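**Q** I have a structure I would like to understand better, so I am pasting it below and will then ask my questions one at a time.
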Amino acid sequence: MTGASQWSCILWDMDGTIIDASEGILQRLKVTFDQLGKPAPTRDDLIDWIGPPMLESFQNNADLTPQEARTAVDFYRSLHNLNDMSAGTRVYDGVVDLLGEVAAAGVPQAIASSKPESQVVPLAHAFDISGDFVAMVGATDDGLQRATKADVVREALKRLEDAGADISRPVLIGDRHHDVEGGAAAGVPVIHVTWGFSHPHEGDGSIATATTATELRNLLLTV
């Protein structure tokens, strides 16, 4: 590990942690539910959609069978504008600066997101943050081979290690209980951030909570 941090490497969730994609997600869900002939989620319902794998969310929140959910996810993803991945998306205040500061301090970073990797990488490029990461990992497009948060975290650690990073003392930053549970399953402690989409007590089991990027910085860097 570097002298700049108690952590040898830092993993980041994406939705609700680095970016707020709620506007775009809500728009695509409305179109998808119209296609399904079901009432569309409201903005207040987004807390149940942002964070978990989308295949899981369509089954739990729309009462779809696994096959119906797969069809819905495929349609939902077809609505992404690949020419403008940042549409309906913004970066949370202070996060870009913090990512750059951590990278400049020599602490290896990786994205570990339940979003498909085919979306994670273009989004990171769109917001000009890709250079801060040694690895950018998301779920597989089929939602099967790398479907859980723990799967994603393990793959992020593998890619970091393959790139020569020290993974002996990792930490994951996330906003949902899926991050806490997935980190625990992969043996990685989690710092919970509250600026994303989460119910009360979703940070239970995390080692610390940050309400601002400044508070998070103080938990990540020692200089």
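Following the order of the structure tokens, chains are lettered A, B, ..., residues in each are numbered from 1, and ligands are numbered from 1.
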Go through range 67-220 of chain A and collect every residue that DSSP, computed from the backbone, puts in strand (DSSP E); the answer should be as number ranges by chain.
**A** A: 90-91, 109-116, 135-139, 170-174, 190-193, 208-210
**Q** Show me, as a list in words, the residues that have an atom within 8 Å of Val120 in chain A when counting only C-alpha atoms, minus same-chain residues fewer than 6 positions from it.
**A**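 Final neighbour list, sorted by chain and number: Met14, Ser113, Met136, Val137 and Gly138 of chain A.
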**Q** Please save N, CA, C and O atoms of the selected residues as a tab-separated table (two decimals), in the first residue's frame.
**A**
chain	number	residue	atom	x	y	z
A	14	MET	N	-20.82	2.24	-9.13
A	14	MET	CA	-21.01	3.35	-10.08
A	14	MET	C	-22.32	4.10	-9.84
A	14	MET	O	-22.33	5.22	-9.38
A	113	SER	N	-19.12	-2.41	-10.71
A	113	SER	CA	-20.52	-2.01	-10.85
A	113	SER	C	-21.40	-3.17	-11.29
A	113	SER	O	-20.97	-4.05	-12.04
A	136	MET	N	-11.95	-1.33	-15.00
A	136	MET	CA	-13.35	-0.90	-15.00
A	136	MET	C	-14.20	-2.14	-15.26
A	136	MET	O	-14.22	-2.67	-16.37
A	137	VAL	N	-14.86	-2.61	-14.23
A	137	VAL	CA	-15.55	-3.90	-14.28
A	137	VAL	C	-17.05	-3.71	-14.06
A	137	VAL	O	-17.47	-2.96	-13.17
A	138	GLY	N	-17.83	-4.40	-14.86
A	138	GLY	CA	-19.28	-4.42	-14.68
A	138	GLY	C	-19.79	-5.83	-14.86
A	138	GLY	O	-19.02	-6.78	-15.05
**Q** Need to verify the contact set: Asp20 in chain A, 7 Å, only C-alpha atoms, exclusion of same-chain residues closer than 6 positions in sequence. Can you return it as a PyMOL selection string?
**A** chain A and resi 89-92
**Q** Just to confirm, what's the straight-line distance from CA of Ala104 in chain A to CA of Asn218 in chain A in Å (one decimal)?
**A**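 Separating CA of Ala104 in chain A from CA of Asn218 in chain A is a distance of 15.5 Å.
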**Q** Quick check, in Å to one decimal: how far apart do CA of Gly16 in chain A and CA of Gln67 in chain A lie?
**A**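 Separating CA of Gly16 in chain A from CA of Gln67 in chain A is a distance of 27.3 Å.
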**Q** Could you list, as a list of chain:residue names, every residue within 10 Å of Lys149 in chain A, counting only C-alpha atoms and ignoring same-chain residues fewer than 6 positions away?
**A** A:Asp13, A:Gly51, A:Pro52, A:Pro53, A:Ala112, A:Ser113, A:Ser114, A:Lys115, A:Gly138, A:Ala139, A:Glu155, A:His178, A:Asp179, A:Val180, A:Glu181, A:Gly182, A:Gly183, A:Ala184, A:Ala185, A:Ala186
**Q** Write the selection just made, keeping N, CA and C atoms, as an mmCIF file, in the first residue's frame?
**A**
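For reference, selection11.cif as written:
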data_model
loop_
_atom_site.group_PDB
_atom_site.id
_atom_site.type_symbol
_atom_site.label_atom_id
_atom_site.label_comp_id
_atom_site.auth_asym_id
_atom_site.auth_seq_id
_atom_site.Cartn_x
_atom_site.Cartn_y
_atom_site.Cartn_z
ATOM 1 N N ASP A 13 -18.417 1.383 -6.559
ATOM 2 C CA ASP A 13 -19.690 1.180 -7.233
ATOM 3 C C ASP A 13 -19.893 2.372 -8.182
ATOM 4 N N GLY A 51 -29.276 0.277 -8.289
ATOM 5 C CA GLY A 51 -28.335 -0.438 -7.431
ATOM 6 C C GLY A 51 -28.329 -1.926 -7.696
ATOM 7 N N PRO A 52 -29.485 -2.618 -7.487
ATOM 8 C CA PRO A 52 -29.491 -4.055 -7.746
ATOM 9 C C PRO A 52 -29.354 -4.343 -9.241
ATOM 10 N N PRO A 53 -28.941 -5.560 -9.610
ATOM 11 C CA PRO A 53 -28.954 -5.938 -11.027
ATOM 12 C C PRO A 53 -30.354 -5.759 -11.609
ATOM 13 N N ALA A 112 -16.371 -1.239 -9.804
ATOM 14 C CA ALA A 112 -16.975 -2.551 -9.599
ATOM 15 C C ALA A 112 -18.484 -2.337 -9.548
ATOM 16 N N SER A 113 -19.122 -2.413 -10.706
ATOM 17 C CA SER A 113 -20.516 -2.007 -10.853
ATOM 18 C C SER A 113 -21.402 -3.169 -11.286
ATOM 19 N N SER A 114 -22.656 -3.152 -10.828
ATOM 20 C CA SER A 114 -23.640 -4.122 -11.299
ATOM 21 C C SER A 114 -24.175 -3.755 -12.671
ATOM 22 N N LYS A 115 -23.845 -2.552 -13.159
ATOM 23 C CA LYS A 115 -24.185 -2.153 -14.510
ATOM 24 C C LYS A 115 -23.431 -3.045 -15.493
ATOM 25 N N GLY A 138 -17.833 -4.399 -14.861
ATOM 26 C CA GLY A 138 -19.276 -4.422 -14.683
ATOM 27 C C GLY A 138 -19.789 -5.832 -14.858
ATOM 28 N N ALA A 139 -21.098 -5.968 -14.809
ATOM 29 C CA ALA A 139 -21.716 -7.270 -15.041
ATOM 30 C C ALA A 139 -21.562 -7.651 -16.509
ATOM 31 N N GLU A 155 -13.904 -10.068 -9.654
ATOM 32 C CA GLU A 155 -13.277 -9.819 -10.955
ATOM 33 C C GLU A 155 -12.463 -8.534 -10.935
ATOM 34 N N HIS A 178 -26.719 -4.038 -1.355
ATOM 35 C CA HIS A 178 -26.107 -5.009 -2.263
ATOM 36 C C HIS A 178 -24.582 -4.847 -2.267
ATOM 37 N N ASP A 179 -24.125 -3.607 -2.124
ATOM 38 C CA ASP A 179 -22.683 -3.371 -2.065
ATOM 39 C C ASP A 179 -22.104 -3.948 -0.775
ATOM 40 N N VAL A 180 -22.789 -3.694 0.336
ATOM 41 C CA VAL A 180 -22.317 -4.197 1.628
ATOM 42 C C VAL A 180 -22.292 -5.722 1.627
ATOM 43 N N GLU A 181 -23.371 -6.326 1.141
ATOM 44 C CA GLU A 181 -23.454 -7.789 1.127
ATOM 45 C C GLU A 181 -22.462 -8.390 0.137
ATOM 46 N N GLY A 182 -22.349 -7.778 -1.048
ATOM 47 C CA GLY A 182 -21.426 -8.287 -2.050
ATOM 48 C C GLY A 182 -19.982 -8.152 -1.609
ATOM 49 N N GLY A 183 -19.667 -7.018 -0.977
ATOM 50 C CA GLY A 183 -18.325 -6.841 -0.451
ATOM 51 C C GLY A 183 -18.008 -7.881 0.600
ATOM 52 N N ALA A 184 -18.953 -8.127 1.503
ATOM 53 C CA ALA A 184 -18.738 -9.113 2.563
ATOM 54 C C ALA A 184 -18.512 -10.505 1.978
ATOM 55 N N ALA A 185 -19.294 -10.858 0.950
ATOM 56 C CA ALA A 185 -19.159 -12.172 0.333
ATOM 57 C C ALA A 185 -17.798 -12.350 -0.340
ATOM 58 N N ALA A 186 -17.227 -11.219 -0.796
ATOM 59 C CA ALA A 186 -15.919 -11.256 -1.461
ATOM 60 C C ALA A 186 -14.778 -10.933 -0.502
#
**Q** Tell me which protein, DNA and RNA residues are within 9 Å of range 194-201 of chain A, counting only C-alpha atoms, leaving out same-chain ones fewer than 5 positions away, and put them as a list of chain:residue names.
**A**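 My reading of the contact set: A:Asp15, A:Gly16, A:Thr17, A:Ile18, A:Ile19, A:Asp20, A:Leu46, A:Ile47, A:Asp48, A:Ile50, A:Gly51, A:Tyr92, A:Gly174, A:Asp175, A:Arg176, A:His177, A:Thr209, A:Ala210, A:Thr211, A:Thr212.
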**Q** Would you mind exporting the chosen residues as a short mmCIF file (atom, residue, chain, number, x, y, z; two decimals), in the first residue's frame, restricted to all heavy atoms?
**A**
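Full text of part-v5.cif as output:
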data_model
loop_
_atom_site.label_atom_id
_atom_site.label_comp_id
_atom_site.auth_asym_id
_atom_site.auth_seq_id
_atom_site.Cartn_x
_atom_site.Cartn_y
_atom_site.Cartn_z
N ASP A 15 -23.48 3.46 -10.14
CA ASP A 15 -24.77 4.13 -9.96
C ASP A 15 -25.01 4.44 -8.49
O ASP A 15 -24.95 3.55 -7.63
CB ASP A 15 -25.92 3.25 -10.47
CG ASP A 15 -26.09 3.33 -11.98
OD1 ASP A 15 -25.53 4.25 -12.58
OD2 ASP A 15 -26.79 2.47 -12.54
N GLY A 16 -25.29 5.70 -8.19
CA GLY A 16 -25.57 6.10 -6.82
C GLY A 16 -24.33 6.39 -6.00
O GLY A 16 -24.44 6.81 -4.85
N THR A 17 -23.16 6.16 -6.59
CA THR A 17 -21.89 6.39 -5.88
C THR A 17 -21.01 7.36 -6.64
O THR A 17 -20.59 8.38 -6.10
CB THR A 17 -21.14 5.06 -5.67
OG1 THR A 17 -21.98 4.16 -4.93
CG2 THR A 17 -19.85 5.28 -4.91
N ILE A 18 -20.75 7.06 -7.93
CA ILE A 18 -20.02 7.99 -8.79
C ILE A 18 -20.99 8.85 -9.58
O ILE A 18 -20.83 10.07 -9.67
CB ILE A 18 -19.09 7.23 -9.75
CG1 ILE A 18 -18.02 6.44 -8.98
CG2 ILE A 18 -18.42 8.20 -10.73
CD1 ILE A 18 -17.13 5.57 -9.87
N ILE A 19 -22.01 8.22 -10.16
CA ILE A 19 -22.94 8.95 -11.02
C ILE A 19 -24.38 8.84 -10.53
O ILE A 19 -24.77 7.87 -9.89
CB ILE A 19 -22.85 8.45 -12.48
CG1 ILE A 19 -23.28 6.97 -12.57
CG2 ILE A 19 -21.46 8.66 -13.05
CD1 ILE A 19 -23.46 6.48 -13.99
N ASP A 20 -25.15 9.87 -10.88
CA ASP A 20 -26.60 9.86 -10.69
C ASP A 20 -27.22 9.71 -12.07
O ASP A 20 -27.25 10.65 -12.86
CB ASP A 20 -27.05 11.17 -10.04
CG ASP A 20 -28.57 11.28 -9.91
OD1 ASP A 20 -29.27 10.31 -10.28
OD2 ASP A 20 -29.05 12.32 -9.44
N LEU A 46 -37.76 4.81 -7.70
CA LEU A 46 -36.42 4.54 -8.21
C LEU A 46 -35.50 3.93 -7.18
O LEU A 46 -34.55 3.22 -7.52
CB LEU A 46 -35.79 5.82 -8.77
CG LEU A 46 -36.26 6.25 -10.16
CD1 LEU A 46 -35.56 7.53 -10.56
CD2 LEU A 46 -36.00 5.17 -11.19
N ILE A 47 -35.77 4.19 -5.90
CA ILE A 47 -34.92 3.64 -4.84
C ILE A 47 -34.89 2.11 -4.91
O ILE A 47 -33.93 1.47 -4.48
CB ILE A 47 -35.40 4.13 -3.46
CG1 ILE A 47 -34.34 3.86 -2.39
CG2 ILE A 47 -36.71 3.48 -3.09
CD1 ILE A 47 -34.64 4.55 -1.08
N ASP A 48 -35.95 1.50 -5.47
CA ASP A 48 -36.01 0.05 -5.58
C ASP A 48 -35.40 -0.46 -6.89
O ASP A 48 -35.27 -1.67 -7.08
CB ASP A 48 -37.47 -0.42 -5.50
CG ASP A 48 -38.08 -0.13 -4.15
OD1 ASP A 48 -37.38 -0.29 -3.14
OD2 ASP A 48 -39.25 0.28 -4.10
N ILE A 50 -32.50 1.35 -8.59
CA ILE A 50 -31.10 1.75 -8.80
C ILE A 50 -30.21 1.04 -7.79
O ILE A 50 -30.38 1.19 -6.58
CB ILE A 50 -30.94 3.28 -8.68
CG1 ILE A 50 -31.74 3.95 -9.79
CG2 ILE A 50 -29.48 3.69 -8.76
CD1 ILE A 50 -31.70 5.47 -9.75
N GLY A 51 -29.28 0.28 -8.29
CA GLY A 51 -28.33 -0.44 -7.43
C GLY A 51 -28.33 -1.93 -7.70
O GLY A 51 -27.31 -2.48 -8.12
N TYR A 92 -21.76 12.95 -9.18
CA TYR A 92 -22.04 13.56 -7.88
C TYR A 92 -20.97 14.58 -7.51
O TYR A 92 -19.79 14.44 -7.86
CB TYR A 92 -22.14 12.49 -6.79
CG TYR A 92 -23.41 11.68 -6.86
CD1 TYR A 92 -23.41 10.37 -7.33
CD2 TYR A 92 -24.63 12.23 -6.46
CE1 TYR A 92 -24.58 9.63 -7.39
CE2 TYR A 92 -25.80 11.50 -6.52
CZ TYR A 92 -25.77 10.20 -6.99
OH TYR A 92 -26.94 9.48 -7.06
N GLY A 174 -19.77 2.16 -1.80
CA GLY A 174 -21.07 1.91 -2.40
C GLY A 174 -22.20 2.53 -1.61
O GLY A 174 -22.01 2.99 -0.48
N ASP A 175 -23.39 2.53 -2.22
CA ASP A 175 -24.53 3.20 -1.59
C ASP A 175 -25.68 2.28 -1.21
O ASP A 175 -26.63 2.70 -0.56
CB ASP A 175 -25.07 4.30 -2.51
CG ASP A 175 -25.73 3.75 -3.77
OD1 ASP A 175 -25.10 2.89 -4.44
OD2 ASP A 175 -26.87 4.15 -4.08
N ARG A 176 -25.62 1.00 -1.61
CA ARG A 176 -26.75 0.10 -1.36
C ARG A 176 -26.34 -1.11 -0.53
O ARG A 176 -25.15 -1.44 -0.43
CB ARG A 176 -27.34 -0.42 -2.70
CG ARG A 176 -27.84 0.64 -3.65
CD ARG A 176 -28.92 1.53 -3.05
NE ARG A 176 -30.05 0.83 -2.50
CZ ARG A 176 -31.19 0.59 -3.17
NH1 ARG A 176 -31.31 0.99 -4.42
NH2 ARG A 176 -32.18 -0.03 -2.58
N HIS A 177 -27.33 -1.78 0.05
CA HIS A 177 -27.03 -2.98 0.84
C HIS A 177 -26.43 -4.07 -0.03
O HIS A 177 -25.69 -4.93 0.45
CB HIS A 177 -28.28 -3.48 1.56
CG HIS A 177 -29.35 -4.04 0.67
ND1 HIS A 177 -29.40 -5.37 0.32
CD2 HIS A 177 -30.40 -3.44 0.05
CE1 HIS A 177 -30.45 -5.57 -0.47
NE2 HIS A 177 -31.07 -4.42 -0.65
N THR A 209 -19.49 5.40 7.24
CA THR A 209 -20.45 6.08 6.37
C THR A 209 -19.93 7.48 6.06
O THR A 209 -19.40 8.16 6.94
CB THR A 209 -21.82 6.18 7.04
OG1 THR A 209 -22.35 4.87 7.24
CG2 THR A 209 -22.79 6.99 6.20
N ALA A 210 -20.09 7.89 4.80
CA ALA A 210 -19.72 9.24 4.38
C ALA A 210 -20.94 9.92 3.77
O ALA A 210 -21.66 9.31 2.96
CB ALA A 210 -18.58 9.20 3.36
N THR A 211 -21.18 11.16 4.16
CA THR A 211 -22.32 11.90 3.61
C THR A 211 -21.90 12.91 2.55
O THR A 211 -22.74 13.43 1.84
CB THR A 211 -23.07 12.65 4.73
OG1 THR A 211 -22.18 13.60 5.34
CG2 THR A 211 -23.56 11.67 5.79
N THR A 212 -20.59 13.17 2.44
CA THR A 212 -20.07 14.08 1.42
C THR A 212 -18.76 13.51 0.88
O THR A 212 -18.13 12.65 1.50
CB THR A 212 -19.78 15.48 2.01
OG1 THR A 212 -18.70 15.37 2.96
CG2 THR A 212 -21.01 16.08 2.68
#
**Q** Do a neighbour search on Ala124 in chain A at 10 Å with only C-alpha atoms, toss out local chain neighbours closer than 3 positions, and write the hits as number ranges by chain.
**A** A: 14, 18-19, 85-86, 111, 119-121, 127-133, 136
**Q** From a DSSP calculation on the backbone, collect every residue of range 39-111 of chain A in alpha helix (DSSP H) and output the set as a ChimeraX atom specification.
**A** /A:54-62,66-78,95-104
**Q** Mind writing the picked residues with C-alpha atoms as a PDB file, in the first residue's frame?
**A**
ATOM      1  CA  MET A  54     -31.738  -4.932 -13.418  1.00  0.00           C
ATOM      2  CA  LEU A  55     -32.725  -8.555 -14.060  1.00  0.00           C
ATOM      3  CA  GLU A  56     -33.369  -8.957 -10.345  1.00  0.00           C
ATOM      4  CA  SER A  57     -35.268  -5.660 -10.159  1.00  0.00           C
ATOM      5  CA  PHE A  58     -37.691  -6.563 -12.962  1.00  0.00           C
ATOM      6  CA  GLN A  59     -38.532  -9.825 -11.200  1.00  0.00           C
ATOM      7  CA  ASN A  60     -38.893  -8.327  -7.719  1.00  0.00           C
ATOM      8  CA  ASN A  61     -40.509  -4.997  -8.611  1.00  0.00           C
ATOM      9  CA  ALA A  62     -42.613  -5.902 -11.646  1.00  0.00           C
ATOM     10  CA  PRO A  66     -37.120 -14.856 -15.097  1.00  0.00           C
ATOM     11  CA  GLN A  67     -37.708 -15.193 -18.860  1.00  0.00           C
ATOM     12  CA  GLU A  68     -40.074 -12.191 -18.932  1.00  0.00           C
ATOM     13  CA  ALA A  69     -37.518 -10.206 -16.952  1.00  0.00           C
ATOM     14  CA  ARG A  70     -34.764 -11.135 -19.414  1.00  0.00           C
ATOM     15  CA  THR A  71     -36.910  -9.899 -22.324  1.00  0.00           C
ATOM     16  CA  ALA A  72     -37.677  -6.678 -20.427  1.00  0.00           C
ATOM     17  CA  VAL A  73     -33.999  -6.097 -19.623  1.00  0.00           C
ATOM     18  CA  ASP A  74     -33.014  -6.628 -23.256  1.00  0.00           C
ATOM     19  CA  PHE A  75     -35.614  -4.076 -24.366  1.00  0.00           C
ATOM     20  CA  TYR A  76     -34.617  -1.624 -21.616  1.00  0.00           C
ATOM     21  CA  ARG A  77     -30.956  -1.818 -22.608  1.00  0.00           C
ATOM     22  CA  SER A  78     -31.810  -1.339 -26.280  1.00  0.00           C
ATOM     23  CA  VAL A  95     -16.456  12.805  -6.759  1.00  0.00           C
ATOM     24  CA  VAL A  96     -14.462  13.613  -9.913  1.00  0.00           C
ATOM     25  CA  ASP A  97     -11.954  15.635  -7.900  1.00  0.00           C
ATOM     26  CA  LEU A  98     -11.684  12.862  -5.312  1.00  0.00           C
ATOM     27  CA  LEU A  99     -11.078  10.201  -7.961  1.00  0.00           C
ATOM     28  CA  GLY A 100      -8.300  12.319  -9.420  1.00  0.00           C
ATOM     29  CA  GLU A 101      -6.757  12.966  -6.018  1.00  0.00           C
ATOM     30  CA  VAL A 102      -6.740   9.274  -5.094  1.00  0.00           C
ATOM     31  CA  ALA A 103      -5.189   8.372  -8.458  1.00  0.00           C
ATOM     32  CA  ALA A 104      -2.565  11.097  -8.067  1.00  0.00           C
TER      33      ALA A 104
END
**Q** Between A:Ala40, A:Val107, A:Ala21, A:Ile207, which one has atoms that come closest to Ile167 in chain A, using only C-alpha atoms?
**A** A:Val107
**Q** Select, from A:Asp162, A:Ala150, A:Gly106, A:Asp142, the residue with the minimum atom-to-atom distance to Trp7 in chain A, counting only C-alpha atoms.
**A**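 Looking at the shortest contact to Trp7 in chain A, the residue is A:Gly106.
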**Q** Write out as a list in words each polymer residue whose atoms come within 9 Å of Leu219 in chain A, counting only C-alpha atoms; drop sequence neighbours fewer than 6 positions from it.
**A**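 The neighbour list is Ser5, Gln6, Ile191, Ala208 and Ala210 of chain A.
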**Q** Which is closer to Gln109 in chain A than all the others in A:Leu172, A:Ala165, A:Leu64, A:Leu11, using only C-alpha atoms?
**A**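 Selected residue with least distance to Gln109 in chain A: A:Leu11.
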**Q** So the first atom is CA of Asp166 in chain A and the second is CA of Val134 in chain A; what is the distance between them in Å, to one decimal place?
**A** 11.7 Å
**Q** Under the rule that only C-alpha atoms are counted, which of A:Leu79, A:His125, A:Val190, A:Leu157 is the nearest residue to Thr32 in chain A?
**A**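 Using only C-alpha atoms, the shortest distance to Thr32 in chain A belongs to A:Leu79.
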